[in-house]
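Student: Next up, entry_37.txt (compact mmCIF, C-alpha atoms).
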```
# COMPACT_ATOMS: atom_id res chain seq x y z
CA MET A 1 -129.19 -122.67 68.58
CA ALA A 2 -126.02 -122.19 70.64
CA ASP A 3 -124.00 -124.05 67.98
CA LEU A 4 -124.30 -121.19 65.48
CA MET A 5 -120.98 -119.48 64.72
CA ALA A 6 -118.87 -118.00 61.88
CA GLN A 7 -115.42 -116.88 60.67
CA PRO A 8 -114.18 -116.50 57.05
CA ASP A 9 -110.71 -118.01 57.22
CA ALA A 10 -111.58 -121.76 57.16
CA PRO A 11 -110.70 -123.79 54.05
CA THR A 12 -113.75 -125.67 52.68
CA PRO A 13 -113.86 -128.74 50.45
CA THR A 14 -116.34 -127.22 47.96
CA THR A 15 -115.12 -125.60 44.75
CA ASP A 16 -118.00 -123.31 43.94
CA LYS A 17 -117.53 -119.73 45.19
CA ILE A 18 -121.19 -119.28 46.10
CA THR A 19 -121.25 -122.54 48.02
CA GLN A 20 -118.02 -121.57 49.79
CA ALA A 21 -119.58 -118.24 50.81
CA ALA A 22 -122.57 -120.12 52.13
CA ARG A 23 -120.34 -122.46 54.13
CA GLU A 24 -118.73 -119.42 55.79
CA THR A 25 -122.14 -118.39 57.14
CA ILE A 26 -124.01 -119.21 60.32
CA TYR A 27 -127.75 -119.63 60.13
CA LEU A 28 -129.91 -117.96 62.74
CA CYS A 29 -133.69 -118.36 62.23
CA ASN A 30 -134.48 -116.53 58.94
CA PHE A 31 -131.15 -114.71 58.80
CA ARG A 32 -127.54 -115.56 58.04
CA VAL A 33 -124.58 -114.07 59.89
CA SER A 34 -121.80 -113.56 57.36
CA VAL A 35 -118.27 -112.35 57.98
CA ASP A 36 -116.99 -108.89 57.07
CA GLY A 37 -113.36 -108.59 58.15
CA GLU A 38 -113.32 -109.34 61.85
CA TRP A 39 -117.07 -108.79 62.35
CA LEU A 40 -120.39 -110.56 61.78
CA CYS A 41 -123.17 -109.06 59.63
CA LEU A 42 -126.85 -110.12 59.57
CA ARG A 43 -128.59 -110.58 56.18
CA GLU A 44 -131.77 -112.31 55.08
CA LEU A 45 -131.33 -115.97 54.28
CA ASN A 46 -132.98 -115.58 50.85
CA ASP A 47 -130.06 -113.44 49.62
CA ILE A 48 -127.85 -116.49 48.97
CA SER A 49 -128.18 -119.64 46.92
CA LEU A 50 -126.82 -122.91 48.18
CA THR A 51 -126.90 -124.72 44.81
CA PRO A 52 -123.49 -126.39 44.29
CA ASP A 53 -121.69 -127.09 41.01
CA PRO A 54 -122.40 -130.36 39.24
CA GLU A 55 -118.85 -131.37 40.15
CA PRO A 56 -118.65 -134.03 42.88
CA ALA A 57 -118.39 -132.55 46.40
CA HIS A 58 -117.02 -134.18 49.50
CA GLU A 59 -120.02 -133.19 51.60
CA ASP A 60 -123.59 -132.12 51.03
CA PRO A 61 -123.61 -128.30 51.46
CA LYS A 62 -127.11 -128.51 52.97
CA ASP A 63 -126.13 -131.15 55.52
CA PRO A 64 -127.04 -129.53 58.89
CA ILE A 65 -124.37 -131.52 60.74
CA ALA A 66 -121.66 -130.33 58.32
CA ILE A 67 -122.90 -126.74 58.66
CA GLU A 68 -122.83 -127.06 62.46
CA ARG A 69 -119.24 -128.33 62.36
CA LEU A 70 -118.16 -125.53 60.03
CA ASN A 71 -119.94 -122.89 62.12
CA LEU A 72 -118.34 -124.21 65.30
CA MET A 73 -114.89 -124.14 63.69
CA ASN A 74 -115.41 -120.59 62.37
CA MET A 75 -116.70 -119.40 65.71
CA ALA A 76 -113.68 -120.96 67.43
CA LYS A 77 -111.42 -119.10 65.01
CA LEU A 78 -113.16 -115.81 65.73
CA SER A 79 -113.11 -116.39 69.49
CA ILE A 80 -109.42 -117.42 69.59
CA LYS A 81 -108.34 -114.52 67.39
CA GLY A 82 -110.30 -111.99 69.43
CA LEU A 83 -108.96 -113.42 72.70
CA ILE A 84 -105.33 -113.25 71.55
CA GLU A 85 -105.63 -109.69 70.18
CA SER A 86 -107.48 -108.34 73.22
CA ALA A 87 -105.08 -110.08 75.63
CA LEU A 88 -102.02 -108.65 73.87
CA ASN A 89 -103.57 -105.17 73.85
CA LEU A 90 -104.46 -105.55 77.52
CA GLY A 91 -100.87 -106.47 78.37
CA ARG A 92 -101.53 -108.28 81.65
CA THR A 93 -102.46 -111.68 83.06
CA LEU A 94 -106.08 -112.64 82.34
CA ASP A 95 -108.49 -113.60 85.11
CA SER A 96 -111.82 -115.43 85.27
CA ASP A 97 -113.89 -112.24 84.81
CA TYR A 98 -112.39 -111.39 81.41
CA ALA A 99 -115.32 -111.51 78.93
CA PRO A 100 -113.44 -112.75 75.80
CA LEU A 101 -111.92 -115.56 77.88
CA GLN A 102 -115.34 -116.59 79.18
CA GLN A 103 -116.70 -116.66 75.63
CA PHE A 104 -113.74 -118.78 74.50
CA PHE A 105 -114.54 -121.43 77.12
CA VAL A 106 -118.21 -121.38 76.06
CA VAL A 107 -117.23 -121.96 72.41
CA MET A 108 -114.84 -124.77 73.35
CA GLU A 109 -117.57 -126.37 75.44
CA HIS A 110 -119.93 -126.36 72.45
CA CYS A 111 -117.20 -127.81 70.23
CA LEU A 112 -116.61 -130.67 72.68
CA LYS A 113 -120.34 -131.31 73.08
CA HIS A 114 -120.99 -131.61 69.35
CA GLY A 115 -121.92 -135.15 68.36
CA LEU A 116 -121.60 -136.65 71.85
CA LYS A 117 -123.17 -140.04 72.35
CA THR A 118 -125.78 -140.37 75.05
CA LYS A 119 -124.85 -142.97 77.65
CA LYS A 120 -127.48 -144.66 79.75
CA THR A 121 -126.68 -145.22 83.43
CA PHE A 122 -128.73 -146.37 86.40
CA LEU A 123 -129.26 -142.65 87.23
CA GLY A 124 -130.56 -141.90 83.73
CA GLN A 125 -129.05 -140.64 80.51
CA ASN A 126 -125.66 -138.93 80.65
CA LYS A 127 -124.12 -136.75 77.95
CA SER A 128 -120.78 -135.18 78.95
CA PHE A 129 -117.35 -134.64 77.35
CA TRP A 130 -115.51 -135.33 80.63
CA GLY A 131 -115.00 -138.97 79.66
CA ALA A 132 -113.24 -137.95 76.44
CA LEU A 133 -110.96 -135.56 78.34
CA GLU A 134 -110.00 -138.34 80.74
CA LEU A 135 -108.41 -140.13 77.79
CA VAL A 136 -105.64 -137.52 77.75
CA GLU A 137 -104.30 -138.85 81.05
CA LYS A 138 -103.90 -142.31 79.49
CA LEU A 139 -102.24 -141.01 76.31
CA THR A 140 -100.08 -138.27 77.90
CA PRO A 141 -98.82 -139.04 81.43
CA GLU A 142 -98.02 -135.39 82.17
CA ALA A 143 -101.73 -134.59 81.92
CA GLY A 144 -102.33 -136.73 85.02
CA GLU A 145 -101.56 -133.74 87.22
CA ILE A 146 -104.44 -131.76 85.72
CA THR A 147 -106.88 -134.64 86.04
CA ALA A 148 -105.89 -135.22 89.67
CA SER A 149 -106.26 -131.49 90.42
CA VAL A 150 -109.74 -131.46 88.88
CA LYS A 151 -110.83 -134.45 90.94
CA ASP A 152 -109.50 -132.82 94.11
CA LEU A 153 -111.30 -129.52 93.56
CA PRO A 154 -114.06 -129.04 96.14
CA GLY A 155 -117.53 -128.19 94.93
CA LEU A 156 -117.40 -130.02 91.58
CA LYS A 157 -120.24 -132.53 91.55
CA THR A 158 -120.98 -133.07 87.85
CA PRO A 159 -118.89 -134.30 84.90
CA LEU A 160 -119.69 -131.04 83.09
CA GLY A 161 -118.11 -129.00 85.90
CA ARG A 162 -115.02 -131.22 85.87
CA GLY A 163 -114.69 -130.79 82.10
CA ARG A 164 -114.90 -127.00 82.43
CA ALA A 165 -112.27 -127.01 85.18
CA TRP A 166 -110.02 -129.25 83.03
CA LEU A 167 -110.18 -126.76 80.13
CA ARG A 168 -109.18 -123.88 82.42
CA LEU A 169 -106.25 -125.75 83.97
CA ALA A 170 -104.98 -126.87 80.55
CA LEU A 171 -105.09 -123.27 79.31
CA MET A 172 -103.11 -122.05 82.33
CA GLN A 173 -100.58 -124.84 81.73
CA LYS A 174 -100.35 -123.77 78.02
CA LYS A 175 -100.85 -127.39 76.98
CA LEU A 176 -104.45 -127.21 75.71
CA SER A 177 -103.43 -127.48 72.05
CA ASP A 178 -101.14 -130.44 72.69
CA TYR A 179 -103.78 -132.32 74.68
CA MET A 180 -106.47 -131.72 72.03
CA LYS A 181 -104.16 -132.97 69.27
CA THR A 182 -103.41 -136.07 71.34
CA ILE A 183 -107.02 -137.17 71.69
CA ILE A 184 -108.04 -136.12 68.15
CA ASN A 185 -105.31 -138.36 66.70
CA ARG A 186 -106.87 -141.36 68.51
CA LYS A 187 -110.26 -141.50 66.79
CA ASP A 188 -110.50 -145.19 67.65
CA LEU A 189 -110.79 -144.20 71.31
CA LEU A 190 -112.97 -141.14 70.65
CA SER A 191 -115.52 -143.25 68.78
CA GLU A 192 -116.66 -144.56 72.17
CA PHE A 193 -117.86 -141.06 73.10
CA TYR A 194 -118.67 -139.31 69.77
CA GLU A 195 -120.76 -140.03 66.72
CA SER A 196 -118.91 -140.57 63.43
CA ASN A 197 -119.94 -137.15 62.10
CA ALA A 198 -119.03 -135.21 65.28
CA LEU A 199 -116.64 -132.28 65.13
CA MET A 200 -113.96 -134.11 67.14
CA MET A 201 -114.05 -136.97 64.61
CA GLU A 202 -113.73 -134.78 61.51
CA GLU A 203 -111.03 -132.49 60.13
CA GLU A 204 -112.58 -129.43 61.79
CA GLY A 205 -111.43 -130.77 65.16
CA ALA A 206 -107.82 -130.93 63.94
CA VAL A 207 -108.10 -127.34 62.64
CA ILE A 208 -109.34 -126.12 66.04
CA ALA A 209 -106.51 -127.99 67.79
CA GLY A 210 -104.04 -126.18 65.53
CA LEU A 211 -105.64 -122.81 66.27
CA LEU A 212 -105.24 -123.38 70.00
CA VAL A 213 -101.44 -123.16 69.62
CA GLY A 214 -101.78 -119.37 69.43
CA LEU A 215 -103.11 -119.27 73.00
CA ASN A 216 -99.63 -120.16 74.30
CA VAL A 217 -98.67 -116.47 74.02
CA ILE A 218 -101.13 -115.35 76.71
CA ASP A 219 -100.94 -115.79 80.48
CA ALA A 220 -104.01 -116.65 82.52
CA ASN A 221 -104.49 -116.89 86.28
CA LEU A 222 -107.89 -118.46 86.91
CA CYS A 223 -109.13 -119.07 90.45
CA MET A 224 -111.75 -121.83 90.41
CA LYS A 225 -112.33 -122.05 94.15
CA GLY A 226 -115.80 -120.75 94.90
CA GLU A 227 -116.76 -120.64 91.20
CA ASP A 228 -119.90 -122.61 90.35
CA LEU A 229 -118.81 -124.51 87.24
CA ASP A 230 -121.55 -127.13 87.54
CA SER A 231 -124.55 -124.87 86.95
CA GLN A 232 -123.13 -122.27 84.58
CA VAL A 233 -125.13 -121.74 81.40
CA GLY A 234 -122.88 -121.71 78.34
CA VAL A 235 -124.49 -119.22 75.92
CA ILE A 236 -122.48 -117.59 73.13
CA ASP A 237 -122.73 -113.79 73.12
CA PHE A 238 -122.88 -112.85 69.43
CA SER A 239 -123.02 -109.12 70.28
CA MET A 240 -119.24 -109.24 70.84
CA TYR A 241 -118.73 -110.08 67.15
CA LEU A 242 -121.60 -108.31 65.32
CA LYS A 243 -120.50 -105.38 63.19
CA ASP A 244 -121.77 -101.82 63.77
CA GLY A 245 -120.63 -99.27 61.18
CA GLN A 246 -120.75 -96.21 63.39
CA SER A 247 -119.17 -98.00 66.34
CA SER A 248 -116.38 -99.31 64.09
CA LYS A 249 -115.57 -95.77 62.97
CA THR A 250 -115.67 -94.57 66.55
CA ALA A 251 -113.47 -97.48 67.59
CA GLU A 252 -111.02 -96.59 64.80
CA GLY A 253 -110.88 -92.97 65.98
CA ASP A 254 -110.50 -94.08 69.58
CA GLY A 255 -107.73 -96.42 68.49
CA GLN A 256 -105.86 -93.54 66.83
CA ILE A 257 -106.25 -91.37 69.91
CA THR A 258 -105.13 -94.27 72.10
CA ALA A 259 -102.06 -94.80 69.92
CA ILE A 260 -101.14 -91.10 70.15
CA LEU A 261 -101.65 -91.11 73.93
CA ASP A 262 -99.49 -94.22 74.21
CA GLN A 263 -96.75 -92.50 72.18
CA LYS A 264 -97.08 -89.40 74.37
CA ASN A 265 -96.81 -91.47 77.55
CA TYR A 266 -93.81 -93.32 76.12
CA VAL A 267 -92.03 -90.07 75.27
CA GLU A 268 -92.79 -88.61 78.70
CA GLU A 269 -91.50 -91.75 80.39
CA LEU A 270 -88.38 -91.61 78.21
CA ASN A 271 -87.91 -87.98 79.19
CA ARG A 272 -88.13 -88.90 82.85
CA HIS A 273 -85.50 -91.59 82.38
CA LEU A 274 -83.26 -89.17 80.50
CA SER A 275 -83.66 -86.52 83.21
CA ALA A 276 -82.73 -89.08 85.86
CA SER A 277 -79.70 -90.12 83.79
CA VAL A 278 -78.61 -86.49 83.42
CA ASN A 279 -78.96 -85.94 87.16
CA ASN A 280 -76.87 -89.05 87.86
CA LEU A 281 -74.21 -87.95 85.39
CA GLN A 282 -74.17 -84.46 86.90
CA ALA A 283 -73.68 -85.96 90.36
CA LYS A 284 -70.82 -88.10 89.02
CA VAL A 285 -69.23 -85.05 87.38
CA ASP A 286 -69.46 -83.11 90.65
CA ALA A 287 -67.87 -86.01 92.51
CA MET A 288 -65.08 -86.21 89.92
CA GLU A 289 -64.47 -82.45 90.16
CA LYS A 290 -64.13 -82.76 93.93
CA SER A 291 -61.80 -85.72 93.48
CA ASN A 292 -59.74 -83.76 90.93
CA THR A 293 -59.50 -80.81 93.32
CA LYS A 294 -58.32 -83.11 96.10
CA LEU A 295 -55.76 -84.77 93.83
CA THR A 296 -54.49 -81.34 92.73
CA GLU A 297 -54.01 -80.33 96.36
CA GLU A 298 -52.19 -83.59 97.09
CA LEU A 299 -49.98 -82.99 94.01
CA ALA A 300 -49.12 -79.50 95.25
CA VAL A 301 -48.24 -80.90 98.67
CA ALA A 302 -46.10 -83.58 97.03
CA ASN A 303 -44.30 -80.94 94.93
CA ASN A 304 -43.58 -78.90 98.05
CA ARG A 305 -42.19 -81.97 99.77
CA ILE A 306 -40.02 -82.74 96.74
CA ILE A 307 -38.68 -79.17 96.71
CA THR A 308 -37.95 -79.39 100.43
CA LEU A 309 -36.15 -82.67 99.96
CA GLN A 310 -34.16 -81.25 97.07
CA GLU A 311 -33.10 -78.35 99.28
CA ASP A 312 -32.14 -80.79 102.00
CA VAL A 313 -30.06 -82.75 99.48
CA GLU A 314 -28.31 -79.59 98.29
CA ARG A 315 -27.63 -78.59 101.84
CA VAL A 316 -26.31 -82.05 102.62
CA LYS A 317 -24.09 -81.88 99.53
CA GLU A 318 -22.72 -78.50 100.61
CA GLU A 319 -22.07 -79.75 104.11
CA SER A 320 -20.43 -82.87 102.64
CA SER A 321 -18.12 -80.75 100.45
CA ASN A 322 -17.25 -78.51 103.37
CA GLN A 323 -16.40 -81.46 105.54
CA SER A 324 -14.37 -83.32 102.85
CA SER A 325 -11.22 -81.48 103.98
CA ARG A 326 -11.66 -82.88 107.43
CA LYS A 327 -12.37 -86.36 106.20
CA ALA A 328 -9.47 -88.03 107.94
CA SER A 329 -10.14 -86.48 111.29
CA ARG A 330 -13.84 -87.00 111.15
CA ALA A 331 -14.16 -90.35 109.42
CA GLY A 332 -16.92 -91.44 111.77
CA ASP A 333 -18.89 -88.21 111.18
CA SER A 334 -18.41 -88.56 107.42
CA LEU A 335 -19.84 -92.07 107.48
CA ALA A 336 -22.90 -90.84 109.32
CA ASP A 337 -23.34 -88.01 106.81
CA GLY A 338 -23.15 -90.54 103.97
CA GLN A 339 -25.91 -92.54 105.54
CA VAL A 340 -28.04 -89.41 105.91
CA LEU A 341 -27.37 -88.54 102.26
CA GLY A 342 -28.41 -92.05 101.13
CA GLU A 343 -31.61 -91.85 103.13
CA ALA A 344 -32.35 -88.44 101.65
CA ARG A 345 -31.82 -89.70 98.10
CA LYS A 346 -34.02 -92.72 98.77
CA GLN A 347 -36.79 -90.49 100.14
CA LEU A 348 -36.41 -88.15 97.14
CA LYS A 349 -36.83 -91.11 94.76
CA GLU A 350 -40.00 -92.26 96.58
CA GLU A 351 -41.50 -88.78 96.49
CA THR A 352 -40.70 -88.47 92.77
CA GLN A 353 -42.44 -91.78 92.05
CA LEU A 354 -45.43 -90.68 94.13
CA ARG A 355 -45.63 -87.46 92.13
CA LEU A 356 -45.62 -89.39 88.84
CA ASP A 357 -48.41 -91.66 90.07
CA VAL A 358 -50.49 -88.70 91.15
CA GLU A 359 -49.99 -87.02 87.76
CA LYS A 360 -51.08 -90.19 85.93
CA GLU A 361 -54.20 -90.49 88.07
CA LEU A 362 -54.97 -86.82 87.44
CA GLU A 363 -54.73 -87.38 83.69
CA VAL A 364 -57.12 -90.34 83.92
CA GLN A 365 -59.61 -88.30 85.93
CA ILE A 366 -59.42 -85.44 83.42
CA GLY A 367 -60.12 -87.89 80.55
CA MET A 368 -63.11 -89.33 82.39
CA LYS A 369 -64.42 -85.82 83.01
CA GLN A 370 -64.21 -85.01 79.31
CA GLU A 371 -66.09 -88.20 78.44
CA MET A 372 -68.80 -87.38 80.97
CA GLU A 373 -69.19 -83.88 79.52
CA LEU A 374 -69.53 -85.35 76.01
CA SER A 375 -72.16 -87.83 77.25
CA MET A 376 -74.08 -85.01 78.92
CA LYS A 377 -74.09 -83.02 75.69
CA MET A 378 -75.42 -86.02 73.76
CA LEU A 379 -78.12 -86.62 76.37
CA GLU A 380 -79.15 -82.97 76.26
CA THR A 381 -79.44 -83.20 72.46
CA ASP A 382 -81.54 -86.35 72.74
CA MET A 383 -83.77 -84.71 75.34
CA CYS A 384 -84.36 -81.76 73.03
CA GLU A 385 -85.36 -84.11 70.20
CA LYS A 386 -87.74 -86.07 72.47
CA GLN A 387 -89.29 -82.85 73.76
CA ASP A 388 -89.88 -81.69 70.16
CA ALA A 389 -91.52 -85.04 69.40
CA LEU A 390 -93.67 -84.70 72.53
CA VAL A 391 -94.78 -81.22 71.46
CA GLU A 392 -95.68 -82.56 68.02
CA LEU A 393 -97.69 -85.43 69.53
CA ARG A 394 -99.52 -83.02 71.81
CA GLN A 395 -100.34 -80.87 68.78
CA GLN A 396 -101.70 -83.90 66.94
CA LEU A 397 -103.83 -84.74 69.98
CA GLU A 398 -105.21 -81.21 70.07
CA ASP A 399 -105.96 -81.40 66.33
CA LEU A 400 -107.86 -84.66 66.86
CA ARG A 401 -109.81 -83.15 69.73
CA SER A 402 -110.71 -80.07 67.65
CA LEU A 403 -111.75 -82.35 64.76
CA ASN A 404 -114.01 -84.32 67.12
CA GLN A 405 -115.54 -81.07 68.37
CA GLN A 406 -116.16 -79.90 64.79
CA LEU A 407 -117.81 -83.22 63.92
CA ALA A 408 -120.00 -82.97 67.03
CA GLN A 409 -120.97 -79.39 66.10
CA LYS A 410 -121.82 -80.42 62.54
CA SER A 411 -123.95 -83.25 63.90
CA GLN A 412 -125.81 -80.82 66.16
CA ASN A 413 -126.32 -78.40 63.25
CA LEU A 414 -127.70 -81.22 61.07
CA GLU A 415 -130.08 -82.25 63.84
CA ALA A 416 -131.23 -78.63 64.27
CA GLY A 417 -131.76 -78.30 60.50
CA ALA A 418 -133.76 -81.53 60.41
CA LYS A 419 -135.86 -80.28 63.31
CA GLN A 420 -136.55 -76.96 61.53
CA LYS A 421 -137.52 -78.78 58.33
CA SER A 422 -139.92 -81.00 60.25
CA GLU A 423 -141.50 -77.90 61.82
CA VAL A 424 -141.89 -76.24 58.37
CA ILE A 425 -143.50 -79.43 57.01
CA SER A 426 -145.93 -79.52 59.94
CA ARG A 427 -146.87 -75.86 59.34
CA LEU A 428 -147.39 -76.55 55.62
CA GLU A 429 -149.64 -79.47 56.49
CA GLU A 430 -151.70 -77.23 58.80
CA LYS A 431 -152.07 -74.60 56.06
CA THR A 432 -153.03 -77.28 53.56
CA ASN A 433 -155.73 -78.55 55.92
CA GLN A 434 -157.01 -74.97 56.40
CA MET A 435 -157.18 -74.39 52.62
CA ALA A 436 -158.99 -77.68 52.14
CA GLY A 437 -161.58 -76.58 54.75
CA THR A 438 -161.99 -73.21 53.05
CA ILE A 439 -162.51 -74.89 49.66
CA LYS A 440 -165.19 -77.14 51.10
CA GLN A 441 -167.00 -74.12 52.61
CA LEU A 442 -166.90 -72.31 49.27
CA GLU A 443 -168.23 -75.36 47.45
CA SER A 444 -171.13 -75.67 49.91
CA ARG A 445 -172.02 -71.98 49.42
CA ASP A 446 -172.00 -72.31 45.63
CA TYR A 447 -174.25 -75.35 45.89
CA LYS A 448 -176.75 -73.48 48.08
CA THR A 449 -176.73 -70.49 45.70
CA ALA A 450 -177.33 -72.72 42.72
CA TRP A 451 -180.21 -74.44 44.49
```
Is it possible to give me this structure as structure tokens?
Tutor:
Amino acid sequence: MADLMAQPDAPTPTTDKITQAARETIYLCNFRVSVDGEWLCLRELNDISLTPDPEPAHEDPKDPIAIERLNLMNMAKLSIKGLIESALNLGRTLDSDYAPLQQFFVVMEHCLKHGLKTKKTFLGQNKSFWGALELVEKLTPEAGEITASVKDLPGLKTPLGRGRAWLRLALMQKKLSDYMKTIINRKDLLSEFYESNALMMEEEGAVIAGLLVGLNVIDANLCMKGEDLDSQVGVIDFSMYLKDGQSSKTAEGDGQITAILDQKNYVEELNRHLSASVNNLQAKVDAMEKSNTKLTEELAVANNRIITLQEDVERVKEESSNQSSRKASRAGDSLADGQVLGEARKQLKEETQLRLDVEKELEVQIGMKQEMELSMKMLETDMCEKQDALVELRQQLEDLRSLNQQLAQKSQNLEAGAKQKSEVISRLEEKTNQMAGTIKQLESRDYKTAW
């Protein structure tokens, strides 16, 4: 019973459309569970005919082993697809308590158990897929680490528990698909553990191994210490995949609201980042203004020094011209004055160069300030646009909430109307009963009068 599964994406070898629809169905007592989109729907088994075309088929469509293999493959598809989608929507590392992940391991366990040969030992009969998984270590040396880790885990006493631990470690290592392909390609070795018509020996096993590649996009962190893998009961929960019309509509509405809330949160987070950027830019602009003010003051001081030096040079020139007439008598003094004049000219040249450097730096700072102001204007414009978008998203959210309230009110009104109608019907029935009693009384009186 636990081997019953379904999913509509599997290619089948039959050519007849009705037979193909039947192969995409799992059989549960007197019902079939067919696929509608991503969900399972229950219908009576008599609704479908399994009569194939007269053309030759690869397999008997009524073969229970073939149906089991197909159901297992379809259920694996459904489980893997649901696990990937839910994990991506969750957006975090999966742990052992995650329900879709638990169901995936249960489905994989049933796939590996299908068609196992029963081995007789001195302790009794043994039927476990751990022996088949141990082949991976021989075919792929890098899998030896997983096998050694499983054997070293405390608390694992049965081959079934070791096989479950091996599956979890392979998933965390993101090598489960590669390992499954490795052992499926060696059917000569698998024949020791599986019957010839087992899932691992047929093409369905290769399809499942290919589907497992998609699990490499998810991250799992599974702690197996303290977890009782030996005595767990692997039962597939079909309620996770059965379709409910009203719940699907509700889920669709919730998905729309969730999408709008995610957009709203994104815009708010973007606004916070933009506000922080504006504050940082404002602080940089303030610092640049202070630096510009300081440079302006230094430039004014340099200009004053240059003017003072120019006055000193003029004064020295005047003194030099006045003393030129006494050049012969004061040759020594004239030489000293020439040295002073040279030093003054050298100092004037240095101050002039300093002033030019300060002016260049001031121009650079002014250009940077203009660029910062332009960036601030662009950020302010972007913030305004994001705020408008946020307002629009909030309005859409309010509209959705009001629509939900209106739907709830209509539902209440319909229930009240149905209740009133039922009360009117009950009153009519009472009046009808009263009239019937009155008619009987009248008939009995007429009979007595006639007598």
Student: Could you check which of A:Ala408, A:Met372, A:Val106, A:Leu379 is closest to A:Ala287, using all atoms listed in the file?
Tutor: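 The closest residue to A:Ala287 is A:Met372.
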Student: For A:Met108, which residue among A:Ile236, A:Leu341, A:Glu430, A:Glu192 is the nearest when counting all atoms listed in the file?
Tutor: A:Ile236
Student: Which of these residues is nearest to A:Asp382, using only C-alpha atoms: A:Ser128, A:Asn89, A:Ser277, A:Gln412?
Tutor: A:Ser277
Student: Could you tell me which of A:Leu400, A:Ala418, A:Leu83, A:Lys77 comes closest to A:Leu261 if we count only C-alpha atoms?
Tutor: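 Once distances to A:Leu261 are computed over only C-alpha atoms, the minimum belongs to A:Leu400.
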Student: Please measure the separation of atom CA of A:Val285 and atom CA of A:Lys360, giving the value in Å to one decimal.
Tutor: 18.9 Å
Student: Edge lengths and centre, in Å to one decimal, as JSON: that's what I need for the box along x, y and z that holds all listed atoms of stretch 167-171 of chain A plus 8 Å on each side.
Tutor:
```
{"center_x": -107.6, "center_y": -125.1, "center_z": 81.6, "size_x": 21.2, "size_y": 19.6, "size_z": 20.7}
```
Student: What is the distance, in Å and to one decimal place, between atom CA of A:Lys127 and atom CA of A:Ser79?
Tutor: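 Computing the Euclidean distance for atom CA of A:Lys127 and atom CA of A:Ser79 yields 24.6 Å.
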Student: Fewer than 3 positions away in the same chain doesn't count, so skip those; otherwise give me all residues within 10 Å of A:Lys386, counting all atoms listed in the file, as a list of chain:residue names.
Tutor: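 So, after excluding close chain neighbours, the residues are A:Val267, A:Glu268, A:Leu270, A:Asn271, A:Leu274, A:Glu380, A:Thr381, A:Asp382, A:Met383, A:Ala389, A:Leu390, A:Val391, A:Glu392.
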Student: Taking 6 positions as the minimum chain separation for residues in the same chain, which residues sit within 12 Å of A:Glu297 when counting all atoms listed in the file? Answer as a list in words.
Tutor: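 Using all atoms listed in the file, the neighbours found are Lys290, Ser291, Asn303, Asn304, Arg355, Val358, Glu359 and Leu362 of chain A.
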Student: Find the residues near stretch 343-345 of chain A: any atom within 7 Å, counting all atoms listed in the file, skip ones fewer than 4 places away on the same chain, and give them as number ranges by chain.
Tutor: A: 313, 339, 349
Student: Which is closer to A:Glu142 than all the others in A:Met200, A:Ile260, A:Leu354, A:Ala170, using only C-alpha atoms?
Tutor: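 Of A:Met200, A:Ile260, A:Leu354, A:Ala170, the one nearest A:Glu142 is A:Ala170, counting only C-alpha atoms.
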Student: Which residue is closest to A:Glu68? Choose from A:Ser191, A:Asn216, A:Gln310, A:Asn197 and count only C-alpha atoms.
Tutor: A:Asn197
